[in-house]
$ cat data.txt   # compact mmCIF, C-alpha atoms and all ligand atoms
# COMPACT_ATOMS: atom_id res chain seq x y z
CA MET A 1 -245.82 -55.84 -121.32
CA ASN A 2 -243.93 -52.67 -122.15
CA PRO A 3 -244.39 -49.65 -119.81
CA PRO A 4 -246.33 -47.31 -122.19
CA LYS A 5 -248.83 -50.04 -123.03
CA GLU A 6 -249.29 -50.90 -119.38
CA LYS A 7 -249.74 -47.22 -118.49
CA LEU A 8 -252.33 -46.70 -121.22
CA LEU A 9 -254.32 -49.76 -120.18
CA GLN A 10 -254.24 -48.74 -116.53
CA HIS A 11 -255.59 -45.37 -117.49
CA LEU A 12 -258.41 -46.83 -119.60
CA LEU A 13 -259.35 -49.31 -116.89
CA GLU A 14 -259.44 -46.59 -114.25
CA LEU A 15 -261.79 -44.58 -116.46
CA ALA A 16 -264.05 -47.59 -117.04
CA GLY A 17 -263.93 -48.47 -113.32
CA GLU A 18 -264.95 -44.95 -112.21
CA ASN A 19 -268.02 -45.11 -114.44
CA ASN A 20 -268.78 -48.58 -113.12
CA GLU A 21 -269.05 -49.84 -116.66
CA PHE A 22 -266.29 -52.36 -116.73
CA LEU A 23 -265.20 -55.41 -114.80
CA PRO A 24 -262.08 -57.32 -115.81
CA ALA A 25 -263.03 -60.62 -117.47
CA PRO A 26 -261.41 -64.02 -116.81
CA ASN A 27 -258.13 -64.57 -118.59
CA LYS A 28 -259.22 -66.26 -121.81
CA ILE A 29 -257.39 -64.80 -124.76
CA GLY A 30 -253.96 -64.49 -123.26
CA PHE A 31 -252.62 -60.96 -123.30
CA THR A 32 -249.37 -60.68 -121.48
CA SER A 33 -250.58 -59.51 -118.12
CA PRO A 34 -253.32 -61.71 -116.56
CA ASP A 35 -254.61 -58.76 -114.47
CA LEU A 36 -255.37 -56.70 -117.53
CA ASN A 37 -256.91 -59.38 -119.77
CA PHE A 38 -260.48 -59.28 -120.90
CA ASP A 39 -262.62 -61.15 -123.38
CA LEU A 40 -265.03 -59.41 -125.70
CA ASP A 41 -267.32 -62.47 -125.87
CA SER A 42 -267.51 -62.98 -122.16
CA GLU A 43 -270.68 -62.09 -120.28
CA PRO A 44 -269.25 -60.22 -117.26
CA CYS A 45 -267.76 -57.63 -119.56
CA ARG A 46 -270.05 -54.67 -119.27
CA MET A 47 -267.84 -52.25 -121.04
CA PRO A 48 -269.42 -50.76 -124.16
CA ASP A 49 -268.35 -52.67 -127.29
CA THR A 50 -266.82 -49.66 -129.01
CA LEU A 51 -264.49 -48.93 -126.06
CA ALA A 52 -263.51 -52.61 -125.80
CA ILE A 53 -262.75 -52.79 -129.52
CA SER A 54 -260.67 -49.61 -129.36
CA ILE A 55 -258.65 -50.92 -126.44
CA THR A 56 -258.07 -54.23 -128.28
CA LYS A 57 -256.90 -52.39 -131.39
CA ILE A 58 -254.56 -50.23 -129.38
CA ILE A 59 -253.12 -53.33 -127.73
CA GLN A 60 -252.70 -55.01 -131.13
CA MET A 61 -250.91 -51.94 -132.46
CA PHE A 62 -248.57 -51.97 -129.49
CA ASP A 63 -247.88 -55.66 -130.05
CA GLN A 64 -247.13 -55.11 -133.72
CA ALA A 65 -244.83 -52.21 -132.92
CA GLU A 66 -243.07 -54.36 -130.33
CA SER A 67 -242.59 -57.21 -132.79
CA SER A 68 -241.29 -55.00 -135.58
CA ASN A 69 -238.98 -53.37 -133.00
CA ARG A 70 -237.65 -56.80 -132.08
CA GLN A 71 -237.11 -57.61 -135.75
CA LEU A 72 -235.30 -54.32 -136.33
CA THR A 73 -233.10 -54.89 -133.30
CA GLN A 74 -232.30 -58.36 -134.60
CA GLU A 75 -231.40 -56.99 -138.03
CA LEU A 76 -229.27 -54.24 -136.49
CA LEU A 77 -227.48 -56.79 -134.33
CA SER A 78 -226.76 -59.02 -137.27
CA SER A 79 -225.51 -56.05 -139.35
CA TYR A 80 -223.32 -55.05 -136.43
CA GLU A 81 -221.94 -58.57 -136.20
CA GLN A 82 -221.21 -58.60 -139.93
CA LEU A 83 -219.48 -55.22 -139.73
CA ASN A 84 -217.46 -56.42 -136.78
CA THR A 85 -216.43 -59.57 -138.65
CA ALA A 86 -215.54 -57.55 -141.75
CA PHE A 87 -213.54 -55.06 -139.70
CA SER A 88 -211.47 -57.63 -137.83
CA ALA A 89 -210.98 -59.67 -141.03
CA ILE A 90 -209.75 -56.77 -143.08
CA THR A 91 -207.48 -55.59 -140.26
CA ASN A 92 -205.77 -58.98 -140.31
CA VAL A 93 -205.56 -59.05 -144.12
CA ALA A 94 -204.28 -55.46 -144.33
CA HIS A 95 -201.27 -56.36 -142.18
CA CYS A 96 -200.07 -58.98 -144.67
CA LYS A 97 -196.82 -58.25 -146.45
CA THR A 98 -196.90 -60.75 -149.30
CA ILE A 99 -199.47 -61.97 -151.84
CA ARG A 100 -199.29 -65.44 -150.36
CA GLN A 101 -200.03 -64.11 -146.86
CA VAL A 102 -203.00 -62.08 -148.17
CA LEU A 103 -204.49 -65.08 -149.96
CA ALA A 104 -204.07 -67.35 -146.95
CA SER A 105 -205.40 -64.78 -144.47
CA LEU A 106 -208.29 -63.63 -146.70
CA THR A 107 -209.41 -67.21 -147.31
CA PHE A 108 -209.15 -68.00 -143.62
CA GLU A 109 -211.21 -64.95 -142.62
CA ILE A 110 -213.96 -65.49 -145.23
CA SER A 111 -214.09 -69.18 -144.51
CA ARG A 112 -214.50 -68.48 -140.80
CA ALA A 113 -217.07 -65.69 -141.27
CA LEU A 114 -219.18 -67.84 -143.60
CA ASN A 115 -218.66 -71.10 -141.75
CA SER A 116 -217.39 -72.91 -144.85
CA ARG A 117 -216.32 -76.51 -145.00
CA TYR A 118 -213.88 -76.41 -147.94
CA ASP A 119 -211.96 -73.62 -149.62
CA ILE A 120 -210.04 -73.61 -152.88
CA TYR A 121 -207.92 -70.93 -154.58
CA VAL A 122 -207.63 -70.96 -158.36
CA GLY A 123 -205.40 -68.39 -159.99
CA PRO A 124 -202.07 -66.99 -161.06
CA PHE A 125 -200.51 -66.94 -157.58
CA GLU A 126 -200.70 -70.68 -156.96
CA GLY A 127 -196.87 -70.73 -157.16
CA GLU A 128 -196.69 -68.48 -154.06
CA PHE A 129 -197.89 -71.37 -151.92
CA SER A 130 -195.04 -73.66 -150.95
CA LEU A 131 -197.32 -76.40 -149.66
CA PRO A 132 -196.95 -80.16 -149.43
CA PRO A 133 -197.88 -82.26 -152.48
CA GLY A 134 -201.62 -82.80 -152.60
CA GLN A 135 -202.40 -79.33 -151.38
CA VAL A 136 -201.35 -77.71 -154.65
CA ASP A 137 -202.14 -78.80 -158.19
CA PRO A 138 -199.73 -76.77 -160.32
CA GLY A 139 -201.16 -78.06 -163.60
CA LYS A 140 -204.49 -76.39 -162.85
CA ASN A 141 -203.33 -73.37 -160.79
CA LEU A 142 -205.18 -74.87 -157.84
CA VAL A 143 -204.56 -74.68 -154.10
CA PHE A 144 -206.69 -76.81 -151.81
CA CYS A 145 -207.28 -75.30 -148.36
CA PRO A 146 -205.36 -72.02 -148.82
CA SER A 147 -206.90 -71.02 -145.46
CA GLY A 148 -204.58 -73.55 -143.84
CA GLY A 149 -207.42 -75.97 -143.12
CA THR A 150 -206.50 -79.59 -142.66
CA ASP A 151 -209.36 -81.11 -144.62
CA ILE A 152 -207.18 -81.37 -147.73
CA ASP A 153 -208.17 -84.86 -148.86
CA ASN A 154 -211.88 -84.13 -148.62
CA THR A 155 -211.45 -80.79 -150.38
CA ARG A 156 -209.55 -82.45 -153.23
CA ASN A 157 -212.14 -85.22 -153.48
CA PHE A 158 -214.91 -82.64 -153.54
CA TYR A 159 -213.15 -80.76 -156.33
CA LEU A 160 -212.58 -83.91 -158.39
CA GLN A 161 -216.21 -84.98 -157.94
CA TYR A 162 -217.57 -81.65 -159.22
CA GLU A 163 -214.61 -80.59 -161.36
CA SER A 164 -216.48 -79.79 -164.58
CA GLN A 165 -219.23 -77.78 -162.81
CA LEU A 166 -216.64 -75.90 -160.74
CA GLN A 167 -214.53 -75.08 -163.78
CA ILE A 168 -217.62 -73.68 -165.53
CA LEU A 169 -218.42 -71.69 -162.38
CA ILE A 170 -214.90 -70.24 -162.25
CA GLN A 171 -215.11 -69.19 -165.90
CA ASN A 172 -218.58 -67.75 -165.43
CA THR A 173 -217.44 -65.66 -162.49
CA SER A 174 -215.25 -63.66 -164.87
CA ASP A 175 -217.98 -61.20 -165.78
CA ARG A 176 -219.32 -60.94 -162.23
CA GLN A 177 -217.42 -60.62 -159.03
CA VAL A 178 -219.49 -63.13 -157.15
CA LYS A 179 -221.57 -66.15 -158.03
CA LEU A 180 -223.41 -68.85 -156.13
CA ILE A 181 -224.30 -72.32 -157.28
CA GLY A 182 -225.69 -75.36 -155.61
CA TYR A 183 -224.40 -78.89 -155.82
CA ALA A 184 -226.68 -80.52 -153.27
CA PRO A 185 -229.75 -82.30 -154.72
CA ASP A 186 -232.19 -79.80 -153.22
CA CYS A 187 -230.16 -76.83 -154.35
CA ASN A 188 -230.10 -76.40 -158.11
CA SER A 189 -227.68 -74.39 -160.13
CA ASP A 190 -228.25 -70.62 -159.90
CA TYR A 191 -230.86 -71.28 -157.25
CA GLU A 192 -232.53 -67.95 -156.33
CA GLY A 193 -229.70 -66.30 -154.39
CA LYS A 194 -228.79 -69.43 -152.47
CA GLY A 195 -226.20 -72.14 -153.05
CA ASN A 196 -223.63 -74.37 -151.41
CA VAL A 197 -220.72 -73.07 -153.51
CA LEU A 198 -219.73 -69.42 -153.36
CA SER A 199 -217.30 -68.19 -155.99
CA LEU A 200 -215.53 -64.86 -155.38
CA ARG A 201 -213.34 -63.33 -158.05
CA LEU A 202 -210.43 -61.22 -156.83
CA ILE A 203 -210.55 -58.34 -159.26
CA SER A 204 -207.63 -55.97 -159.61
CA ARG A 205 -208.51 -52.29 -159.89
CA GLU A 206 -205.21 -51.62 -161.62
CA GLU A 207 -205.99 -52.95 -165.09
CA ASN A 208 -209.32 -54.06 -166.47
CA ASP A 209 -208.25 -57.45 -167.71
CA THR A 210 -206.21 -58.55 -164.73
CA HIS A 211 -207.43 -60.44 -161.74
CA HIS A 212 -205.80 -62.14 -158.78
CA GLY A 213 -207.71 -65.40 -159.12
CA THR A 214 -210.90 -66.90 -157.75
CA LEU A 215 -211.75 -68.20 -154.28
CA LEU A 216 -214.30 -70.97 -153.86
CA PHE A 217 -216.04 -71.52 -150.53
CA ILE A 218 -218.11 -74.64 -150.14
CA ARG A 219 -220.54 -75.88 -147.54
CA SER A 220 -221.45 -79.49 -147.02
CA GLU A 221 -224.89 -80.86 -147.88
CA GLN A 222 -225.77 -80.95 -144.18
CA GLN A 223 -225.23 -77.20 -143.82
CA SER A 224 -227.73 -74.60 -144.97
CA PRO A 225 -226.87 -72.93 -148.29
CA TYR A 226 -225.23 -69.49 -148.34
CA ASP A 227 -227.78 -66.69 -148.58
CA ALA A 228 -227.63 -63.27 -150.23
CA ALA A 229 -226.36 -61.49 -147.08
CA GLU A 230 -223.48 -63.95 -146.73
CA MET A 231 -222.72 -63.63 -150.42
CA ASN A 232 -222.47 -59.84 -149.99
CA LEU A 233 -220.24 -60.13 -146.94
CA GLY A 234 -217.92 -62.51 -148.85
CA ALA A 235 -217.88 -60.19 -151.86
CA SER A 236 -217.00 -57.14 -149.74
CA LEU A 237 -214.15 -58.96 -148.03
CA ALA A 238 -212.86 -60.24 -151.38
CA GLN A 239 -212.94 -56.72 -152.75
CA MET A 240 -210.94 -55.36 -149.82
CA GLY A 241 -208.49 -58.27 -150.09
CA SER A 242 -207.99 -57.53 -153.80
CA ALA A 243 -207.18 -53.91 -152.97
CA VAL A 244 -204.53 -55.05 -150.46
CA MET A 245 -203.06 -57.31 -153.17
CA ASP A 246 -203.01 -54.37 -155.60
CA ASN A 247 -201.06 -52.31 -153.07
CA ILE A 248 -198.53 -55.08 -152.48
CA ILE A 249 -197.99 -55.46 -156.23
CA SER A 250 -197.55 -51.68 -156.68
CA ALA A 251 -195.10 -51.55 -153.78
CA GLN A 252 -193.24 -54.50 -155.31
CA LYS A 253 -192.96 -52.68 -158.64
CA LEU A 254 -191.59 -49.59 -156.89
CA GLN A 255 -189.18 -51.73 -154.92
CA ASP A 256 -188.02 -53.49 -158.08
CA ALA A 257 -187.45 -50.12 -159.73
CA SER A 258 -185.30 -48.85 -156.84
CA ILE A 259 -183.39 -52.14 -156.73
CA GLN A 260 -182.76 -51.87 -160.48
CA THR A 261 -181.31 -48.41 -159.93
CA ILE A 262 -179.08 -49.70 -157.17
CA THR A 263 -177.98 -52.65 -159.33
CA SER A 264 -176.88 -50.20 -162.02
CA LEU A 265 -174.92 -48.41 -159.32
CA VAL A 266 -173.24 -51.73 -158.38
CA LYS A 267 -172.24 -52.27 -161.99
CA ALA A 268 -170.85 -48.74 -162.11
CA THR A 269 -168.81 -49.48 -158.96
CA GLU A 270 -167.46 -52.71 -160.38
CA ALA A 271 -166.55 -50.96 -163.61
CA LYS A 272 -164.02 -48.93 -161.61
CA ASP A 273 -162.03 -52.11 -161.19
CA ALA A 274 -161.99 -54.54 -164.10
CA TYR A 275 -160.94 -57.34 -161.75
CA THR A 276 -164.08 -57.20 -159.65
CA SER A 277 -166.51 -57.25 -162.58
CA GLY A 278 -169.30 -59.76 -161.87
CA HIS A 279 -168.04 -60.32 -158.29
CA SER A 280 -171.28 -59.20 -156.63
CA ALA A 281 -173.50 -61.37 -158.85
CA ARG A 282 -171.32 -64.44 -158.17
CA VAL A 283 -171.24 -63.78 -154.40
CA SER A 284 -175.01 -63.36 -154.47
CA GLU A 285 -175.51 -66.70 -156.19
CA LEU A 286 -173.07 -68.60 -153.93
CA ALA A 287 -174.56 -67.06 -150.77
CA CYS A 288 -178.07 -68.12 -151.83
CA ARG A 289 -176.92 -71.67 -152.50
CA LEU A 290 -175.24 -71.91 -149.10
CA GLY A 291 -178.31 -70.31 -147.48
CA ARG A 292 -180.62 -72.93 -149.03
CA ARG A 293 -178.29 -75.66 -147.84
CA GLN A 294 -178.57 -74.21 -144.32
CA GLY A 295 -182.37 -74.43 -144.56
CA LEU A 296 -183.16 -70.71 -144.78
CA ASP A 297 -186.65 -69.81 -145.97
CA ASN A 298 -187.54 -68.01 -149.21
CA ASP A 299 -187.60 -64.54 -147.63
CA GLN A 300 -184.16 -65.03 -146.13
CA ILE A 301 -182.79 -66.33 -149.45
CA LYS A 302 -184.18 -63.29 -151.22
CA MET A 303 -182.50 -61.09 -148.62
CA LEU A 304 -179.17 -62.93 -149.19
CA GLN A 305 -179.58 -62.47 -152.93
CA TRP A 306 -179.71 -58.68 -152.52
CA ALA A 307 -177.10 -58.58 -149.77
CA GLY A 308 -174.72 -60.38 -152.16
CA MET A 309 -175.46 -57.92 -154.95
CA LEU A 310 -175.03 -54.88 -152.73
CA HIS A 311 -172.40 -55.77 -150.13
CA ASP A 312 -169.55 -53.81 -151.78
CA ILE A 313 -171.59 -50.86 -153.06
CA GLY A 314 -169.71 -48.66 -150.57
CA LYS A 315 -166.57 -49.13 -152.70
CA ILE A 316 -167.97 -46.32 -154.82
CA GLY A 317 -166.56 -44.09 -152.07
CA ILE A 318 -163.10 -45.74 -152.09
CA LYS A 319 -160.28 -44.11 -154.05
CA ASP A 320 -159.51 -45.72 -157.43
CA SER A 321 -155.82 -45.70 -156.53
CA VAL A 322 -156.56 -48.00 -153.58
CA LEU A 323 -159.11 -50.22 -155.35
CA SER A 324 -156.91 -51.05 -158.31
CA LYS A 325 -153.48 -50.85 -156.68
CA PRO A 326 -151.36 -53.70 -158.10
CA GLY A 327 -149.22 -54.18 -154.99
CA LYS A 328 -149.76 -54.46 -151.24
CA LEU A 329 -151.76 -51.70 -149.56
CA THR A 330 -150.16 -49.45 -146.96
CA ALA A 331 -151.72 -49.42 -143.48
CA GLU A 332 -153.36 -46.12 -144.28
CA GLU A 333 -154.75 -47.38 -147.60
CA PHE A 334 -156.06 -50.51 -145.92
CA ASP A 335 -157.81 -48.40 -143.26
CA HIS A 336 -159.46 -46.47 -146.07
CA LEU A 337 -160.56 -49.70 -147.83
CA LYS A 338 -161.94 -51.00 -144.50
CA THR A 339 -164.53 -48.21 -144.48
CA HIS A 340 -166.44 -49.75 -147.41
CA PRO A 341 -168.89 -51.96 -145.40
CA GLN A 342 -169.95 -48.92 -143.37
CA LYS A 343 -170.24 -46.89 -146.59
CA SER A 344 -172.38 -49.67 -148.17
CA TYR A 345 -174.62 -49.50 -145.10
CA GLN A 346 -174.95 -45.71 -145.41
CA VAL A 347 -175.88 -45.91 -149.11
CA LEU A 348 -178.60 -48.53 -148.52
CA GLN A 349 -179.89 -47.38 -145.14
CA PRO A 350 -182.45 -44.87 -146.53
CA VAL A 351 -184.03 -47.49 -148.83
CA ARG A 352 -186.98 -48.90 -146.91
CA ALA A 353 -187.27 -52.02 -149.04
CA LEU A 354 -183.68 -52.98 -148.23
CA GLN A 355 -183.74 -52.73 -144.44
CA ASN A 356 -183.39 -56.47 -144.00
CA VAL A 357 -180.14 -56.66 -145.99
CA LEU A 358 -178.35 -54.06 -143.84
CA PRO A 359 -176.92 -56.42 -141.13
CA ALA A 360 -175.38 -58.77 -143.72
CA VAL A 361 -173.95 -55.87 -145.71
CA LYS A 362 -172.52 -54.04 -142.72
CA HIS A 363 -170.90 -57.11 -141.14
CA HIS A 364 -169.57 -59.07 -144.12
CA HIS A 365 -165.95 -58.39 -143.04
CA GLU A 366 -166.35 -59.36 -139.37
CA HIS A 367 -164.18 -62.30 -138.28
CA PHE A 368 -165.39 -65.29 -136.30
CA ASP A 369 -162.63 -64.67 -133.68
CA GLY A 370 -163.63 -61.01 -133.32
CA SER A 371 -160.65 -59.56 -135.25
CA GLY A 372 -162.71 -58.21 -138.18
CA TYR A 373 -164.37 -54.87 -138.95
CA PRO A 374 -166.27 -52.57 -138.62
CA ASP A 375 -167.49 -53.61 -135.12
CA GLY A 376 -165.21 -56.51 -134.16
CA LEU A 377 -168.23 -58.79 -133.59
CA LYS A 378 -167.41 -62.36 -132.54
CA GLY A 379 -168.86 -65.83 -133.27
CA GLU A 380 -172.64 -66.02 -133.42
CA LYS A 381 -172.90 -62.33 -132.52
CA ILE A 382 -172.16 -61.85 -136.23
CA PRO A 383 -175.51 -62.13 -138.07
CA LEU A 384 -175.87 -65.51 -139.81
CA ALA A 385 -176.50 -63.82 -143.19
CA ALA A 386 -173.21 -61.89 -142.80
CA ARG A 387 -171.31 -65.11 -141.97
CA ILE A 388 -172.79 -66.80 -145.06
CA LEU A 389 -172.04 -63.79 -147.24
CA GLN A 390 -168.46 -63.64 -145.98
CA ILE A 391 -167.79 -67.23 -147.05
CA ALA A 392 -169.19 -66.63 -150.55
CA ASP A 393 -167.18 -63.38 -150.71
CA VAL A 394 -163.87 -65.00 -149.68
CA TRP A 395 -164.33 -67.91 -152.10
CA ASP A 396 -164.99 -65.60 -155.03
CA ALA A 397 -162.06 -63.34 -154.10
CA LEU A 398 -159.70 -66.34 -153.91
CA THR A 399 -160.81 -67.95 -157.15
CA SER A 400 -160.88 -64.85 -159.36
CA ASN A 401 -158.13 -62.57 -160.69
CA ARG A 402 -157.32 -59.52 -158.61
CA SER A 403 -155.15 -56.49 -159.31
CA TYR A 404 -152.61 -57.82 -156.80
CA ARG A 405 -152.61 -61.57 -157.78
CA THR A 406 -153.98 -64.11 -160.22
CA ALA A 407 -156.88 -66.49 -159.43
CA MET A 408 -156.15 -69.49 -157.21
CA SER A 409 -157.14 -73.02 -158.15
CA PRO A 410 -160.24 -74.37 -156.35
CA GLU A 411 -157.97 -76.82 -154.50
CA LYS A 412 -155.72 -74.03 -153.18
CA ALA A 413 -158.80 -71.95 -152.24
CA ARG A 414 -160.20 -74.96 -150.37
CA GLN A 415 -156.99 -75.33 -148.35
CA ILE A 416 -157.00 -71.65 -147.40
CA MET A 417 -160.64 -71.79 -146.32
CA HIS A 418 -159.95 -74.89 -144.23
CA ALA A 419 -157.11 -73.09 -142.54
CA GLU A 420 -159.28 -70.02 -141.84
CA ALA A 421 -162.23 -71.99 -140.45
CA GLY A 422 -162.77 -70.95 -136.84
CA THR A 423 -160.48 -67.90 -137.01
CA THR A 424 -161.86 -65.59 -139.69
CA MET A 425 -164.84 -67.73 -140.74
CA ASP A 426 -167.61 -69.78 -139.09
CA PRO A 427 -166.18 -73.35 -139.10
CA ASP A 428 -169.57 -75.09 -139.55
CA LEU A 429 -170.46 -72.90 -142.50
CA VAL A 430 -167.01 -73.41 -144.08
CA LYS A 431 -167.50 -77.16 -143.85
CA SER A 432 -170.99 -76.97 -145.31
CA PHE A 433 -169.79 -74.69 -148.13
CA LEU A 434 -166.79 -76.86 -149.06
CA ASP A 435 -168.99 -79.98 -149.02
CA MET A 436 -171.42 -78.19 -151.33
CA MET A 437 -168.62 -77.19 -153.74
CA LYS A 438 -167.17 -80.70 -153.63
CA GLN A 439 -170.51 -82.34 -154.47
CA GLU A 440 -170.83 -80.06 -157.47
CA THR A 441 -167.44 -80.95 -158.93
CA HIS A 442 -168.14 -84.70 -158.64
FE FE A 501 -166.35 -56.31 -149.06
FE FE A 502 -166.91 -58.52 -151.81
$ encode --input "data.txt" --output "structure tokens" --more "lines below"
Ligand SMILES: [Fe+2]
Ligand SMILES: [Fe+2]
Amino acid sequence: MNPPKEKLLQHLLELAGENNEFLPAPNKIGFTSPDLNFDLDSEPCRMPDTLAISITKIIQMFDQAESSNRQLTQELLSSYEQLNTAFSAITNVAHCKTIRQVLASLTFEISRALNSRYDIYVGPFEGEFSLPPGQVDPGKNLVFCPSGGTDIDNTRNFYLQYESQLQILIQNTSDRQVKLIGYAPDCNSDYEGKGNVLSLRLISREENDTHHGTLLFIRSEQQSPYDAAEMNLGASLAQMGSAVMDNIISAQKLQDASIQTITSLVKATEAKDAYTSGHSARVSELACRLGRRQGLDNDQIKMLQWAGMLHDIGKIGIKDSVLSKPGKLTAEEFDHLKTHPQKSYQVLQPVRALQNVLPAVKHHHEHFDGSGYPDGLKGEKIPLAARILQIADVWDALTSNRSYRTAMSPEKARQIMHAEAGTTMDPDLVKSFLDMMKQETH
């Protein structure tokens, strides 16, 4: 019994006791405290009926207030839990850097918050998922278990079993952000705010007609259907996830624009020397191929692609007389030419989107034996991307015309690279590169 109720009853009983009008009755109707119970029908109760009825009503009011308090506390607790879940989910999603990471993290968080059995992504970014066969169905823009769940076979079987209904659901979600349907026998389609399948459309706020796809969350027949509160939680998280995706896409557009500007700058640099025209694009392509052969992931390959394009951008600060000199450079001229990696680094350093290409760009003229520049780094102290870039750079320089000599044959270039393996270049990478070039000519 709560303290105010107890206090009030004590007071009333004391009053009744003083007037000798009331004796506590046996415990028959079960109020919380046995000492304070009384029964209106019982004989020993000599309290006037009106007083007894008033006390009973007061007690009932207290009980009702207590029960609605409990209900309110329960609702507050559950709202707090939902807010907490939403907060930690969106914090994780907001830290994602790529669309693929957002989709995987968002699906994982919603799936966990809503205790879902299967999850499926349908939409334009299915290509972002480099997943094993069976987990992606490229023909239908489908990804099974984007949350990283392992129940792939069951998810696929579920989809195939209900394919036509699910496809209709996905299409019908286009005019609403969120939709629920049921597939279990006791849970009919569009069942009053409850269903086993929750469909959340990831709407872009950028343009009216664009969207980032649809997420399906499914519970098994043994689980209870999703209710309206869960549907709202899922919809809020999907909305926040879509906003993060919008931001990534906007940042990507900005990044592309700055990279385009820099690419034009590269072309302008190469135009200073007719012999180096197209050099950066070829180095970029060769470096990416060698990188893939070495097992680098997509992000690293993308980094190599830009490092290849931009490695000589610092030549914009090298005198034309040195760049296109037909004969041998003097020691002084060579020292001037040797400043170009550092100059490339300085040009690119302020561009936030290009931070990851800086090590490769700065160190593409280091030598494996430590005799290179600008820092004289040795062996594996030279970043792997720089060692890869160097090999692509040397190959292209050897096999294309230069102001000081004509292009070498691939065979001659191969011999030179063999000879340089272990001194100027990483021997393992030279071997891998020459094997790659050999396979292509056969
Ligand atoms: Fe260079
Ligand atoms: Fe180069």
$ residues_near_ligand --input "data.txt" --ligand "ligand FE 501 (chain A)" --cutoff "12 Å" --atoms "only C-alpha atoms and all ligand atoms" --output "CSV table (one decimal) with C-alpha atoms, in the coordinates of the input"
chain,number,residue,atom,x,y,z
A,270,GLU,CA,-167.5,-52.7,-160.4
A,276,THR,CA,-164.1,-57.2,-159.6
A,279,HIS,CA,-168.0,-60.3,-158.3
A,280,SER,CA,-171.3,-59.2,-156.6
A,283,VAL,CA,-171.2,-63.8,-154.4
A,307,ALA,CA,-177.1,-58.6,-149.8
A,308,GLY,CA,-174.7,-60.4,-152.2
A,309,MET,CA,-175.5,-57.9,-155.0
A,310,LEU,CA,-175.0,-54.9,-152.7
A,311,HIS,CA,-172.4,-55.8,-150.1
A,312,ASP,CA,-169.6,-53.8,-151.8
A,313,ILE,CA,-171.6,-50.9,-153.1
A,314,GLY,CA,-169.7,-48.7,-150.6
A,315,LYS,CA,-166.6,-49.1,-152.7
A,316,ILE,CA,-168.0,-46.3,-154.8
A,318,ILE,CA,-163.1,-45.7,-152.1
A,323,LEU,CA,-159.1,-50.2,-155.4
A,337,LEU,CA,-160.6,-49.7,-147.8
A,338,LYS,CA,-161.9,-51.0,-144.5
A,339,THR,CA,-164.5,-48.2,-144.5
A,340,HIS,CA,-166.4,-49.8,-147.4
A,341,PRO,CA,-168.9,-52.0,-145.4
A,342,GLN,CA,-170.0,-48.9,-143.4
A,343,LYS,CA,-170.2,-46.9,-146.6
A,344,SER,CA,-172.4,-49.7,-148.2
A,345,TYR,CA,-174.6,-49.5,-145.1
A,360,ALA,CA,-175.4,-58.8,-143.7
A,361,VAL,CA,-174.0,-55.9,-145.7
A,362,LYS,CA,-172.5,-54.0,-142.7
A,363,HIS,CA,-170.9,-57.1,-141.1
A,364,HIS,CA,-169.6,-59.1,-144.1
A,365,HIS,CA,-166.0,-58.4,-143.0
A,366,GLU,CA,-166.4,-59.4,-139.4
A,372,GLY,CA,-162.7,-58.2,-138.2
A,373,TYR,CA,-164.4,-54.9,-139.0
A,374,PRO,CA,-166.3,-52.6,-138.6
A,386,ALA,CA,-173.2,-61.9,-142.8
A,389,LEU,CA,-172.0,-63.8,-147.2
A,390,GLN,CA,-168.5,-63.6,-146.0
A,391,ILE,CA,-167.8,-67.2,-147.0
A,392,ALA,CA,-169.2,-66.6,-150.6
A,393,ASP,CA,-167.2,-63.4,-150.7
A,394,VAL,CA,-163.9,-65.0,-149.7
A,396,ASP,CA,-165.0,-65.6,-155.0
A,397,ALA,CA,-162.1,-63.3,-154.1
$ residues_around --input "data.txt" --residues "range 105-115 of chain A" --least-positions-apart "3" --cutoff "7 Å" --atoms "only C-alpha atoms" --output "number ranges by chain"
A: 85, 89, 93, 101-102, 146-147, 217, 230, 234, 241
$ write_last_selection --input "data.txt" --atoms "C-alpha atoms" --output "mmCIF file, in the frame of the given file"
data_model
loop_
_atom_site.group_PDB
_atom_site.id
_atom_site.type_symbol
_atom_site.label_atom_id
_atom_site.label_comp_id
_atom_site.auth_asym_id
_atom_site.auth_seq_id
_atom_site.Cartn_x
_atom_site.Cartn_y
_atom_site.Cartn_z
ATOM 1 C CA THR A 85 -216.430 -59.570 -138.650
ATOM 2 C CA ALA A 89 -210.980 -59.670 -141.030
ATOM 3 C CA VAL A 93 -205.560 -59.050 -144.120
ATOM 4 C CA GLN A 101 -200.030 -64.110 -146.860
ATOM 5 C CA VAL A 102 -203.000 -62.080 -148.170
ATOM 6 C CA PRO A 146 -205.360 -72.020 -148.820
ATOM 7 C CA SER A 147 -206.900 -71.020 -145.460
ATOM 8 C CA PHE A 217 -216.040 -71.520 -150.530
ATOM 9 C CA GLU A 230 -223.480 -63.950 -146.730
ATOM 10 C CA GLY A 234 -217.920 -62.510 -148.850
ATOM 11 C CA GLY A 241 -208.490 -58.270 -150.090
#
$ closest_residue --input "data.txt" --among "A:Ala287, A:Ile55, A:Ala251, A:Val197" --to "ligand FE 502 (chain A)" --atoms "all atoms listed in the file"
A:Ala287
$ atom_distance --input "data.txt" --atom1 "CA of Ser130 in chain A" --atom2 "CA of Gly295 in chain A"
14.2 Å
$ atom_distance --input "data.txt" --atom1 "CA of Gln222 in chain A" --atom2 "CA of Gln135 in chain A"
24.5 Å
$ closest_residue --input "data.txt" --among "A:Leu384, A:Ala257, A:Ser224, A:Asn172" --to "Val351 in chain A" --atoms "only C-alpha atoms"
A:Ala257
